[in-house]
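Text of input_2.txt (compact mmCIF, C-alpha atoms and all ligand atoms) as supplied:
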# COMPACT_ATOMS: atom_id res chain seq x y z
CA MET S 1 13.17 40.97 23.03
CA SER S 2 12.10 37.37 23.54
CA GLU S 3 14.27 35.32 25.81
CA ALA S 4 16.34 33.14 23.49
CA PHE S 5 17.86 30.91 26.18
CA PRO S 6 15.28 30.54 28.98
CA ARG S 7 15.51 28.20 31.94
CA ARG S 8 12.48 25.94 32.17
CA ASN S 9 11.98 23.28 34.83
CA GLY S 10 15.50 24.04 35.98
CA ARG S 11 17.05 23.24 32.59
CA LEU S 12 18.53 25.66 30.09
CA HIS S 13 16.69 25.79 26.77
CA ALA S 14 17.52 27.18 23.37
CA GLU S 15 14.19 28.68 22.37
CA ALA S 16 11.83 25.73 23.05
CA LEU S 17 14.48 22.98 23.00
CA PRO S 18 16.34 21.62 26.02
CA VAL S 19 20.04 22.30 25.40
CA GLU S 20 20.80 18.79 26.70
CA ARG S 21 18.79 17.31 23.83
CA ILE S 22 20.91 19.14 21.25
CA VAL S 23 24.13 18.15 23.00
CA GLU S 24 23.11 14.47 23.16
CA ALA S 25 22.90 14.44 19.38
CA VAL S 26 25.66 16.86 18.41
CA GLY S 27 28.20 16.58 21.24
CA THR S 28 30.39 19.27 22.78
CA PRO S 29 31.78 21.83 22.40
CA VAL S 30 29.02 23.44 20.38
CA PHE S 31 27.75 26.91 19.53
CA ILE S 32 23.95 27.23 19.55
CA TYR S 33 22.24 30.17 17.84
CA SER S 34 18.62 31.32 18.06
CA ALA S 35 17.13 32.15 14.67
CA SER S 36 14.21 33.98 16.29
CA GLU S 37 16.54 36.19 18.32
CA LEU S 38 18.66 37.05 15.27
CA ALA S 39 15.54 38.03 13.35
CA ALA S 40 14.04 39.99 16.26
CA ARG S 41 17.25 41.95 16.71
CA TYR S 42 17.48 42.83 13.04
CA ASP S 43 13.83 43.91 13.11
CA ALA S 44 14.39 46.06 16.22
CA LEU S 45 17.32 47.92 14.68
CA ASP S 46 15.51 48.30 11.40
CA ALA S 47 12.55 49.83 13.27
CA ALA S 48 14.87 52.13 15.25
CA PHE S 49 15.83 53.93 12.03
CA SER S 50 12.37 53.90 10.47
CA ALA S 51 12.03 57.71 10.58
CA VAL S 52 14.59 58.05 7.76
CA PRO S 53 15.65 56.10 4.65
CA HIS S 54 18.17 53.56 5.93
CA SER S 55 19.81 50.16 5.56
CA ILE S 56 21.16 47.80 8.18
CA CYS S 57 24.38 46.23 6.87
CA TYR S 58 25.23 43.38 9.25
CA ALA S 59 28.97 43.27 10.08
CA ILE S 60 29.52 39.69 8.99
CA LYS S 61 32.82 39.46 10.89
CA ALA S 62 30.84 38.95 14.10
CA ASN S 63 29.38 35.64 12.96
CA MET S 64 29.86 34.53 9.39
CA ASN S 65 28.02 31.21 9.49
CA LEU S 66 26.03 30.91 6.27
CA ALA S 67 22.78 30.05 8.05
CA VAL S 68 23.14 33.00 10.41
CA VAL S 69 23.82 35.38 7.54
CA ARG S 70 20.98 33.87 5.54
CA THR S 71 18.57 34.45 8.44
CA LEU S 72 19.39 38.15 8.20
CA VAL S 73 19.69 38.74 4.45
CA ALA S 74 16.41 36.88 3.91
CA ARG S 75 14.79 39.73 5.87
CA GLY S 76 16.34 42.37 3.64
CA CYS S 77 19.48 43.00 5.66
CA GLY S 78 22.61 44.19 3.84
CA VAL S 79 26.16 43.18 4.78
CA ASP S 80 29.35 44.99 5.84
CA VAL S 81 32.32 42.95 4.60
CA THR S 82 36.02 43.42 5.31
CA SER S 83 37.68 40.88 3.03
CA GLY S 84 37.24 38.88 -0.13
CA GLY S 85 36.41 35.87 2.01
CA GLU S 86 33.61 37.73 3.77
CA LEU S 87 32.29 39.01 0.43
CA PHE S 88 32.26 35.43 -0.84
CA ARG S 89 30.44 34.24 2.27
CA ALA S 90 27.87 37.02 2.07
CA GLN S 91 27.14 36.03 -1.51
CA GLN S 92 27.04 32.32 -0.68
CA ALA S 93 24.46 33.14 1.98
CA GLY S 94 22.29 34.71 -0.69
CA GLY S 95 23.00 38.35 0.11
CA ASP S 96 22.46 41.01 -2.54
CA PRO S 97 25.82 42.70 -3.34
CA SER S 98 24.06 45.97 -4.15
CA GLN S 99 23.37 46.02 -0.37
CA PHE S 100 27.00 45.38 0.63
CA VAL S 101 29.51 47.92 1.91
CA TYR S 102 33.20 47.07 2.04
CA SER S 103 35.30 48.42 4.95
CA GLY S 104 38.91 47.52 5.79
CA VAL S 105 42.34 49.15 5.82
CA GLY S 106 44.11 46.64 3.59
CA LYS S 107 42.04 45.80 0.54
CA THR S 108 44.17 43.91 -2.00
CA ASP S 109 43.92 44.41 -5.76
CA ALA S 110 42.22 41.03 -6.08
CA GLU S 111 39.67 41.96 -3.40
CA ILE S 112 38.94 45.29 -5.06
CA ASP S 113 38.43 43.49 -8.40
CA GLN S 114 36.14 40.96 -6.71
CA ALA S 115 34.03 43.73 -5.16
CA LEU S 116 33.83 45.64 -8.45
CA ALA S 117 32.73 42.46 -10.25
CA ALA S 118 30.10 41.78 -7.58
CA GLY S 119 28.74 45.32 -7.86
CA ILE S 120 28.78 46.38 -4.22
CA ARG S 121 27.02 49.47 -2.99
CA MET S 122 30.04 51.34 -1.60
CA PHE S 123 33.72 51.04 -0.80
CA ASN S 124 34.56 52.62 2.55
CA VAL S 125 38.01 53.86 1.57
CA GLU S 126 40.56 54.04 4.38
CA SER S 127 43.44 55.97 2.74
CA ARG S 128 44.18 58.15 -0.25
CA ALA S 129 46.59 55.49 -1.51
CA GLU S 130 43.71 52.99 -1.52
CA LEU S 131 41.53 55.50 -3.36
CA ARG S 132 44.05 55.64 -6.23
CA VAL S 133 44.24 51.86 -6.44
CA ILE S 134 40.44 51.57 -6.56
CA ASP S 135 40.36 54.19 -9.33
CA ALA S 136 43.00 52.29 -11.32
CA ARG S 137 41.29 48.90 -10.92
CA ALA S 138 37.92 50.40 -11.90
CA ALA S 139 39.51 52.07 -14.94
CA GLN S 140 40.88 48.72 -16.05
CA ARG S 141 37.38 47.21 -15.96
CA GLY S 142 35.82 50.30 -17.52
CA VAL S 143 33.56 50.93 -14.51
CA VAL S 144 33.10 53.63 -11.90
CA ALA S 145 33.47 52.60 -8.24
CA PRO S 146 31.09 54.13 -5.65
CA VAL S 147 33.20 55.38 -2.73
CA SER S 148 33.06 57.06 0.62
CA PHE S 149 35.98 57.79 2.90
CA ARG S 150 35.99 56.24 6.31
CA VAL S 151 36.62 59.36 8.34
CA ASN S 152 38.30 59.10 11.71
CA PRO S 153 36.71 61.73 13.95
CA ASP S 154 39.22 61.40 16.82
CA VAL S 155 36.69 60.45 19.48
CA ASP S 156 37.29 58.06 22.37
CA PRO S 157 34.53 55.41 22.39
CA GLN S 158 35.30 54.54 26.05
CA THR S 159 35.71 50.85 25.37
CA HIS S 160 38.58 48.32 25.39
CA PRO S 161 41.68 49.73 23.61
CA TYR S 162 41.84 46.76 21.19
CA ILE S 163 38.37 47.57 19.87
CA SER S 164 38.68 51.38 19.78
CA THR S 165 39.04 52.49 16.19
CA GLY S 166 38.14 56.18 16.06
CA LEU S 167 41.11 57.74 17.83
CA SER S 168 43.66 59.69 15.80
CA SER S 169 46.31 57.15 16.84
CA SER S 170 44.44 54.20 15.31
CA LYS S 171 45.20 52.72 11.87
CA PHE S 172 41.62 53.16 10.67
CA GLY S 173 40.23 55.70 8.27
CA ILE S 174 41.59 59.10 7.30
CA PRO S 175 41.94 61.98 9.78
CA ILE S 176 38.91 64.24 9.70
CA ALA S 177 41.20 67.25 9.16
CA GLU S 178 42.33 65.77 5.83
CA ALA S 179 38.89 64.79 4.62
CA VAL S 180 38.19 67.87 2.50
CA ASP S 181 41.43 67.41 0.56
CA ALA S 182 40.85 63.69 0.16
CA TYR S 183 37.35 64.23 -1.24
CA ALA S 184 38.74 66.85 -3.65
CA GLU S 185 41.21 64.28 -4.89
CA ALA S 186 38.43 61.72 -5.33
CA LYS S 187 36.37 64.19 -7.32
CA ALA S 188 39.20 64.66 -9.77
CA LEU S 189 39.46 60.93 -10.50
CA GLU S 190 37.42 59.50 -13.36
CA HIS S 191 36.71 56.01 -12.15
CA VAL S 192 35.47 56.66 -8.64
CA ARG S 193 32.25 58.40 -7.74
CA VAL S 194 31.81 59.94 -4.30
CA VAL S 195 28.54 58.73 -2.79
CA GLY S 196 28.97 59.17 0.94
CA VAL S 197 30.85 59.41 4.19
CA ALA S 198 31.54 56.58 6.65
CA CYS S 199 32.58 56.52 10.29
CA HIS S 200 33.05 53.72 12.85
CA ILE S 201 34.64 54.56 16.20
CA GLY S 202 34.74 51.24 17.99
CA SER S 203 32.91 48.25 19.36
CA GLN S 204 31.01 47.31 22.54
CA ILE S 205 30.10 50.97 23.09
CA VAL S 206 27.65 51.23 25.99
CA VAL S 207 27.17 55.00 26.17
CA LEU S 208 25.69 57.25 23.51
CA ASP S 209 27.90 60.32 24.04
CA PRO S 210 30.89 59.28 21.91
CA ILE S 211 28.60 58.16 19.07
CA VAL S 212 26.71 61.45 19.09
CA ASP S 213 29.95 63.41 19.47
CA ALA S 214 31.50 61.65 16.46
CA LEU S 215 28.40 62.14 14.36
CA GLN S 216 28.23 65.85 15.17
CA ARG S 217 31.71 66.17 13.68
CA ILE S 218 30.68 64.06 10.69
CA ARG S 219 27.58 66.19 10.27
CA ASP S 220 29.68 69.35 9.99
CA LEU S 221 31.89 67.59 7.47
CA VAL S 222 28.93 66.51 5.31
CA ILE S 223 27.73 70.13 5.17
CA GLU S 224 31.24 71.31 4.25
CA LEU S 225 31.62 68.64 1.57
CA ARG S 226 28.28 69.52 0.03
CA GLU S 227 29.33 73.17 -0.08
CA ALA S 228 32.40 72.00 -1.98
CA GLY S 229 30.11 70.38 -4.54
CA HIS S 230 30.19 66.72 -3.47
CA THR S 231 27.10 64.54 -3.57
CA ILE S 232 26.78 62.88 -0.17
CA GLU S 233 23.81 60.52 -0.44
CA LEU S 234 24.92 57.82 1.98
CA LEU S 235 26.00 58.27 5.57
CA ASP S 236 27.45 55.11 7.11
CA VAL S 237 27.36 55.49 10.90
CA GLY S 238 29.31 52.27 11.54
CA GLY S 239 28.55 49.60 14.11
CA GLY S 240 29.59 49.31 17.71
CA LEU S 241 26.44 49.25 19.81
CA GLY S 242 27.26 47.23 22.91
CA ILE S 243 25.38 44.39 24.58
CA THR S 244 24.95 43.13 28.12
CA TYR S 245 27.60 40.54 29.01
CA ASP S 246 27.44 41.16 32.72
CA ARG S 247 25.87 44.25 34.20
CA GLU S 248 26.35 46.73 31.33
CA ARG S 249 23.27 48.80 30.55
CA PRO S 250 23.75 49.74 26.90
CA PRO S 251 21.21 51.98 25.18
CA SER S 252 18.31 50.13 23.57
CA ALA S 253 18.09 49.88 19.79
CA ALA S 254 15.41 52.57 19.86
CA GLU S 255 17.57 54.92 21.96
CA TYR S 256 20.56 54.28 19.72
CA GLY S 257 18.64 54.81 16.47
CA GLY S 258 16.81 57.78 17.96
CA ALA S 259 20.05 59.51 18.98
CA ILE S 260 21.58 58.98 15.55
CA VAL S 261 18.49 60.18 13.71
CA ALA S 262 18.33 63.23 16.00
CA THR S 263 21.97 64.07 15.19
CA VAL S 264 22.17 63.46 11.44
CA GLY S 265 18.63 62.61 10.33
CA ASP S 266 17.94 66.06 8.86
CA LEU S 267 20.84 65.84 6.40
CA GLY S 268 18.62 63.94 3.99
CA CYS S 269 21.14 61.12 3.68
CA HIS S 270 20.27 57.44 3.41
CA LEU S 271 21.71 56.13 6.70
CA ILE S 272 23.63 52.86 6.88
CA ALA S 273 24.32 51.12 10.20
CA GLU S 274 26.82 48.26 10.49
CA PRO S 275 25.95 46.35 13.67
CA GLY S 276 27.63 43.02 14.31
CA ARG S 277 27.72 42.21 18.00
CA TRP S 278 24.30 43.70 18.78
CA ILE S 279 22.60 41.37 16.31
CA ALA S 280 24.52 38.15 16.95
CA GLY S 281 26.11 38.38 20.41
CA ASN S 282 23.21 37.49 22.65
CA ALA S 283 21.64 35.25 20.00
CA GLY S 284 24.23 32.57 20.75
CA ILE S 285 25.65 30.43 23.55
CA PHE S 286 28.68 28.16 23.70
CA VAL S 287 28.23 24.83 25.46
CA ALA S 288 31.10 22.74 26.80
CA ARG S 289 31.41 19.72 29.10
CA VAL S 290 33.33 19.50 32.36
CA LEU S 291 36.16 17.00 32.01
CA TYR S 292 37.82 17.34 35.39
CA SER S 293 37.73 19.29 38.61
CA LYS S 294 41.10 19.86 40.22
CA HIS S 295 42.89 22.25 42.50
CA ASN S 296 46.47 23.45 42.54
CA GLY S 297 47.33 25.25 45.73
CA ASP S 298 44.39 27.47 46.55
CA THR S 299 43.00 27.66 43.04
CA HIS S 300 40.18 25.40 41.94
CA PHE S 301 39.87 24.60 38.25
CA ALA S 302 37.03 23.31 36.16
CA VAL S 303 38.72 21.83 33.09
CA ILE S 304 36.27 21.78 30.20
CA ASP S 305 36.37 20.52 26.61
CA GLY S 306 35.99 24.07 25.23
CA ALA S 307 38.95 26.44 25.09
CA MET S 308 40.44 29.75 24.04
CA THR S 309 40.57 28.25 20.56
CA ASP S 310 36.75 28.29 20.54
CA LEU S 311 36.14 31.57 22.37
CA ILE S 312 39.17 33.82 22.67
CA ARG S 313 37.45 36.94 24.03
CA PRO S 314 38.20 36.28 27.75
CA THR S 315 41.88 35.69 26.92
CA LEU S 316 42.30 38.52 24.43
CA TYR S 317 40.23 41.28 26.00
CA GLN S 318 39.87 40.10 29.61
CA ALA S 319 36.21 39.88 28.61
CA TYR S 320 33.58 38.68 31.05
CA GLN S 321 31.13 36.14 29.64
CA ARG S 322 28.40 34.83 31.91
CA ILE S 323 28.57 31.10 32.61
CA GLU S 324 25.94 28.79 34.08
CA PRO S 325 25.31 25.06 34.29
CA VAL S 326 22.94 23.74 31.64
CA GLY S 327 21.23 21.34 34.04
CA PRO S 328 19.77 22.15 37.46
CA PRO S 329 22.59 23.77 39.48
CA ARG S 330 24.00 21.63 42.31
CA ALA S 331 23.76 22.93 45.87
CA GLY S 332 26.71 24.98 47.09
CA THR S 333 29.14 27.14 45.18
CA ARG S 334 32.88 27.37 44.66
CA VAL S 335 35.16 30.00 43.16
CA VAL S 336 36.82 28.41 40.13
CA ASP S 337 38.87 29.15 37.04
CA VAL S 338 37.09 27.67 34.03
CA VAL S 339 39.91 26.49 31.78
CA GLY S 340 40.36 24.53 28.58
CA PRO S 341 42.82 21.82 27.53
CA VAL S 342 45.12 24.12 25.52
CA CYS S 343 48.76 24.35 26.63
CA GLU S 344 48.67 28.03 27.54
CA SER S 345 48.07 29.61 30.91
CA ALA S 346 45.95 32.16 29.04
CA ASP S 347 43.49 29.39 28.12
CA PHE S 348 40.57 30.31 30.32
CA LEU S 349 36.93 31.22 29.80
CA ALA S 350 36.54 32.65 33.30
CA GLN S 351 38.81 33.34 36.25
CA GLN S 352 37.89 33.39 39.90
CA ARG S 353 34.21 32.89 39.11
CA GLU S 354 31.73 31.75 41.73
CA LEU S 355 29.77 28.86 40.22
CA PRO S 356 27.62 26.03 41.59
CA ILE S 357 29.66 22.93 42.45
CA LEU S 358 30.66 21.22 39.20
CA GLU S 359 31.29 17.55 38.52
CA ARG S 360 32.63 15.56 35.61
CA ASP S 361 30.22 15.51 32.64
CA ASP S 362 28.28 18.59 33.74
CA LEU S 363 27.46 20.90 30.87
CA LEU S 364 28.29 24.60 31.06
CA ALA S 365 26.74 27.31 28.91
CA VAL S 366 28.81 30.40 28.14
CA HIS S 367 26.46 33.26 27.28
CA SER S 368 26.82 36.10 24.76
CA ALA S 369 28.88 33.84 22.49
CA GLY S 370 27.05 34.48 19.22
CA ALA S 371 29.43 37.27 18.12
CA TYR S 372 33.22 37.02 17.86
CA GLY S 373 33.05 33.46 19.16
CA PHE S 374 33.30 30.86 16.42
CA ALA S 375 34.37 33.64 14.04
CA MET S 376 37.65 34.04 15.96
CA SER S 377 38.23 30.33 16.60
CA SER S 378 41.31 28.41 15.54
CA ASN S 379 42.76 24.92 15.26
CA TYR S 380 45.68 25.64 17.62
CA ASN S 381 46.82 22.60 19.58
CA GLY S 382 45.30 20.42 16.87
CA ARG S 383 41.83 21.18 18.10
CA CYS S 384 38.82 20.49 15.93
CA ARG S 385 36.65 23.57 15.64
CA ALA S 386 33.27 23.25 17.34
CA ALA S 387 29.97 22.41 15.69
CA GLU S 388 27.40 25.16 15.14
CA VAL S 389 23.65 24.66 15.53
CA LEU S 390 20.74 26.91 14.58
CA VAL S 391 17.51 26.61 16.58
CA LYS S 392 14.06 27.87 15.74
CA GLY S 393 11.23 27.06 18.12
CA ASP S 394 11.49 23.35 18.86
CA ARG S 395 13.55 22.50 15.78
CA TYR S 396 17.28 22.62 15.21
CA GLU S 397 19.82 21.92 12.53
CA VAL S 398 23.60 21.50 12.55
CA VAL S 399 24.73 24.42 10.37
CA ARG S 400 28.42 23.61 10.55
CA THR S 401 29.71 20.18 11.36
CA ARG S 402 32.49 19.79 13.89
CA ASP S 403 35.92 19.65 12.21
CA ARG S 404 37.14 16.14 11.49
CA PHE S 405 40.84 15.26 11.74
CA GLU S 406 41.03 15.37 7.91
CA ASP S 407 40.00 19.03 8.07
CA LEU S 408 43.05 19.74 10.23
CA ILE S 409 45.49 18.71 7.48
CA ARG S 410 43.60 19.97 4.45
CA GLY S 411 45.95 21.58 1.94
CA GLU S 412 49.11 20.23 3.55
CA SER S 413 51.59 18.00 1.78
CA ILE S 414 54.88 16.30 2.57
CA PRO S 415 57.53 17.04 -0.10
CA GLU S 416 59.61 13.88 0.38
CA ASP S 417 62.29 15.19 -2.02
CA LEU S 418 63.00 18.17 0.20
CA ILE S 419 63.04 16.15 3.38
CA ARG S 420 65.28 13.20 2.56
N1 LIG S 501 31.97 48.26 11.07
C1 LIG S 501 33.32 48.27 11.10
C2 LIG S 501 34.06 49.07 10.13
C3 LIG S 501 34.00 47.51 12.07
O1 LIG S 501 35.31 47.51 12.11
C4 LIG S 501 33.26 46.74 13.00
C5 LIG S 501 33.92 45.92 14.02
C6 LIG S 501 31.85 46.75 12.91
C7 LIG S 501 31.24 47.55 11.93
C8 LIG S 501 30.97 45.96 13.83
O2 LIG S 501 31.12 46.34 15.16
P1 LIG S 501 30.11 45.75 16.25
O3 LIG S 501 28.74 46.26 15.93
O4 LIG S 501 30.18 44.26 16.18
O5 LIG S 501 30.64 46.27 17.53
N2 LIG S 501 36.59 40.95 18.26
C9 LIG S 501 36.16 42.07 19.07
C10 LIG S 501 35.35 43.06 18.28
C11 LIG S 501 36.08 43.60 17.06
C12 LIG S 501 35.25 44.58 16.27
C13 LIG S 501 35.94 44.94 15.01
N3 LIG S 501 35.19 45.81 14.15
C14 LIG S 501 35.41 41.53 20.29
O6 LIG S 501 35.21 40.33 20.39
O7 LIG S 501 35.03 42.31 21.18
Taking this structure as input, can you express it in the form of structure tokens?
Amino acid sequence: MSEAFPRRNGRLHAEALPVERIVEAVGTPVFIYSASELAARYDALDAAFSAVPHSICYAIKANMNLAVVRTLVARGCGVDVTSGGELFRAQQAGGDPSQFVYSGVGKTDAEIDQALAAGIRMFNVESRAELRVIDARAAQRGVVAPVSFRVNPDVDPQTHPYISTGLSSSKFGIPIAEAVDAYAEAKALEHVRVVGVACHIGSQIVVLDPIVDALQRIRDLVIELREAGHTIELLDVGGGLGITYDRERPPSAAEYGGAIVATVGDLGCHLIAEPGRWIAGNAGIFVARVLYSKHNGDTHFAVIDGAMTDLIRPTLYQAYQRIEPVGPPRAGTRVVDVVGPVCESADFLAQQRELPILERDDLLAVHSAGAYGFAMSSNYNGRCRAAEVLVKGDRYEVVRTRDRFEDLIRGESIPEDLIR
């Protein structure tokens, strides 16, 4: 993979552009994405499955910026959506709904109607109750909904508990032991058509064993379902391939695709993969400016203008994200907490991190911020959400403007009658 954020002449670049040049024009905090890296990563995953019929359906939750999604769908990528809002975004980005799959445990009637109207490829159904609602909504429109069940194989993905989804204790999917009955029920309904099986066990998975283990169980199920007379054309293997934040050594795209094809490739199914993080994570950085250096007791702080409201992963998952100065690093280092302005002690991007000496106005780049960064941001503490920039070669464009104060109060009103 090309290096999306190289250091040249001591200065961090985004592709061929000095990051400082973007920041001068756009300000901080800002997310910067590499269009070339996004495209290269999609291409690498696509190639990894080339031995079998397949589709890559990008998990749009990772980064839903229209320009990012457009970069991918323009190359033929499909989309995995989990809400009506994501479906809308995927369509606004120019995606083809016949290449969309819809996962999620709580699809509302309105969302099901929206997906039926759009003509998506497959609903990944997460309960038998949901199956009946989809059947009823499809009947009302006089259509037949293509469905698979998201089957929970009860496998531990060996990742953070908040992003483990394939254990029997999790809210996701239906237990594998109930799958045969659930498919029988689907077969008896008139307005759903069984087209496949889906499975997603978790995120930031850096070892292949749990993926292969889960798919071996799914493979047995597919054979059993076919014996029971079901047509299983599509096999959705979920997302979850991890990336390097620190020192993780996740499998390459080729190893990941190869292992999946070796496990289920002979079933003759069209495989669907739903990667989010692997495509977007290391295609983006988050850049913030140092406001103050201070120390309380023995702890040194670098207070920056970015916060947990921009990038909540360190706070929520104790996640490590690599940080480096954008300009040439100063001599000497210091162990610091990199914190934001938000009134929460949990507002940090790094704790006890050894960094070059920092001074007011220095720029810091937080790496691996392209996935679950802006997508999980908020306006808490009255903070304007950051700008987003897409870079290709030596050109860039602001693909989402920084919130203005007016954006913070959009939709609010003051009912004077109720107040006085
Ligand atoms: N498919 C389904 C059904 C999913 O639930 C997810 C992620 C994906 C695909 C994409 O997984 P990926 O390839 O990105 O690992 N906010 C957390 C990650 C939450 C993942 C939720 N589901 C984080 O920042 O680590």
Mind working out the centre and edge lengths of an axis-aligned box for range 337-347 of chain S, all listed atoms inside, 3 Å added to each side, rounded to one decimal in Å and written as JSON?
{"center_x": 42.9, "center_y": 27.0, "center_z": 31.3, "size_x": 17.7, "size_y": 16.3, "size_z": 17.5}
Distance limit 8 Å, reference ligand LIG 501 (chain S), atoms considered: all atoms listed in the file. Which residues make the cut? Give them as a compact mmCIF listing (two decimals) with C-alpha atoms, in the frame of the given file.
# COMPACT_ATOMS: atom_id res chain seq x y z
CA TYR S 58 25.23 43.38 9.25
CA ALA S 59 28.97 43.27 10.08
CA LYS S 61 32.82 39.46 10.89
CA ALA S 62 30.84 38.95 14.10
CA ASP S 80 29.35 44.99 5.84
CA THR S 82 36.02 43.42 5.31
CA SER S 103 35.30 48.42 4.95
CA GLY S 104 38.91 47.52 5.79
CA TYR S 162 41.84 46.76 21.19
CA ILE S 163 38.37 47.57 19.87
CA THR S 165 39.04 52.49 16.19
CA CYS S 199 32.58 56.52 10.29
CA HIS S 200 33.05 53.72 12.85
CA GLY S 202 34.74 51.24 17.99
CA SER S 203 32.91 48.25 19.36
CA GLN S 204 31.01 47.31 22.54
CA ILE S 205 30.10 50.97 23.09
CA GLY S 238 29.31 52.27 11.54
CA GLY S 239 28.55 49.60 14.11
CA GLY S 240 29.59 49.31 17.71
CA LEU S 241 26.44 49.25 19.81
CA GLY S 242 27.26 47.23 22.91
CA ALA S 273 24.32 51.12 10.20
CA GLU S 274 26.82 48.26 10.49
CA PRO S 275 25.95 46.35 13.67
CA GLY S 276 27.63 43.02 14.31
CA ARG S 277 27.72 42.21 18.00
CA TRP S 278 24.30 43.70 18.78
CA ILE S 279 22.60 41.37 16.31
CA ILE S 312 39.17 33.82 22.67
CA ARG S 313 37.45 36.94 24.03
CA TYR S 317 40.23 41.28 26.00
CA ALA S 319 36.21 39.88 28.61
CA ALA S 371 29.43 37.27 18.12
CA TYR S 372 33.22 37.02 17.86
CA GLY S 373 33.05 33.46 19.16
CA MET S 376 37.65 34.04 15.96
Minimum-distance residue to Leu363 in chain S, chosen among S:Ala307, S:Ile120, S:Ala288, S:Val194 (using only C-alpha atoms): S:Ala288
One residue among S:Leu167, S:Ala139, S:Ala4, S:Cys57 is nearest to Ile272 in chain S when using all atoms listed in the file, and that residue is S:Cys57
One-decimal distance in Å that lies between CA of Phe123 in chain S and CA of Val143 in chain S: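 Value for the CA of Val143 in chain S-CA of Phe123 in chain S distance: 13.7 Å.
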As a CSV table (one decimal), in the frame of the given file, the rebuilt range 370-386 of chain S with N, CA and C atoms:
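out.csv written:
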chain,number,residue,atom,x,y,z
S,370,GLY,N,27.5,34.5,20.6
S,370,GLY,CA,27.0,34.5,19.2
S,370,GLY,C,27.9,35.4,18.3
S,371,ALA,N,28.6,36.4,18.9
S,371,ALA,CA,29.4,37.3,18.1
S,371,ALA,C,30.9,37.1,18.6
S,372,TYR,N,31.8,37.1,17.6
S,372,TYR,CA,33.2,37.0,17.9
S,372,TYR,C,33.6,35.8,18.7
S,373,GLY,N,32.8,34.7,18.5
S,373,GLY,CA,33.0,33.5,19.2
S,373,GLY,C,33.7,32.5,18.1
S,374,PHE,N,32.8,31.8,17.5
S,374,PHE,CA,33.3,30.9,16.4
S,374,PHE,C,34.1,31.6,15.4
S,375,ALA,N,33.7,32.9,15.1
S,375,ALA,CA,34.4,33.6,14.0
S,375,ALA,C,35.8,33.8,14.3
S,376,MET,N,36.2,33.8,15.6
S,376,MET,CA,37.6,34.0,16.0
S,376,MET,C,38.3,32.7,16.4
S,377,SER,N,37.7,31.6,16.1
S,377,SER,CA,38.2,30.3,16.6
S,377,SER,C,39.4,29.9,15.7
S,378,SER,N,40.1,28.9,16.3
S,378,SER,CA,41.3,28.4,15.5
S,378,SER,C,41.5,26.9,15.8
S,379,ASN,N,42.4,26.3,15.1
S,379,ASN,CA,42.8,24.9,15.3
S,379,ASN,C,44.0,24.7,16.1
S,380,TYR,N,44.5,25.7,16.8
S,380,TYR,CA,45.7,25.6,17.6
S,380,TYR,C,45.6,24.4,18.5
S,381,ASN,N,46.7,23.8,18.8
S,381,ASN,CA,46.8,22.6,19.6
S,381,ASN,C,46.1,21.4,18.9
S,382,GLY,N,45.9,21.5,17.6
S,382,GLY,CA,45.3,20.4,16.9
S,382,GLY,C,43.9,20.2,17.3
S,383,ARG,N,43.2,21.3,17.6
S,383,ARG,CA,41.8,21.2,18.1
S,383,ARG,C,40.9,21.3,16.9
S,384,CYS,N,39.9,20.4,16.9
S,384,CYS,CA,38.8,20.5,15.9
S,384,CYS,C,37.9,21.6,16.3
S,385,ARG,N,37.6,22.5,15.3
S,385,ARG,CA,36.6,23.6,15.6
S,385,ARG,C,35.2,23.0,15.9
S,386,ALA,N,34.5,23.7,16.8
S,386,ALA,CA,33.3,23.2,17.3
S,386,ALA,C,32.2,23.2,16.3
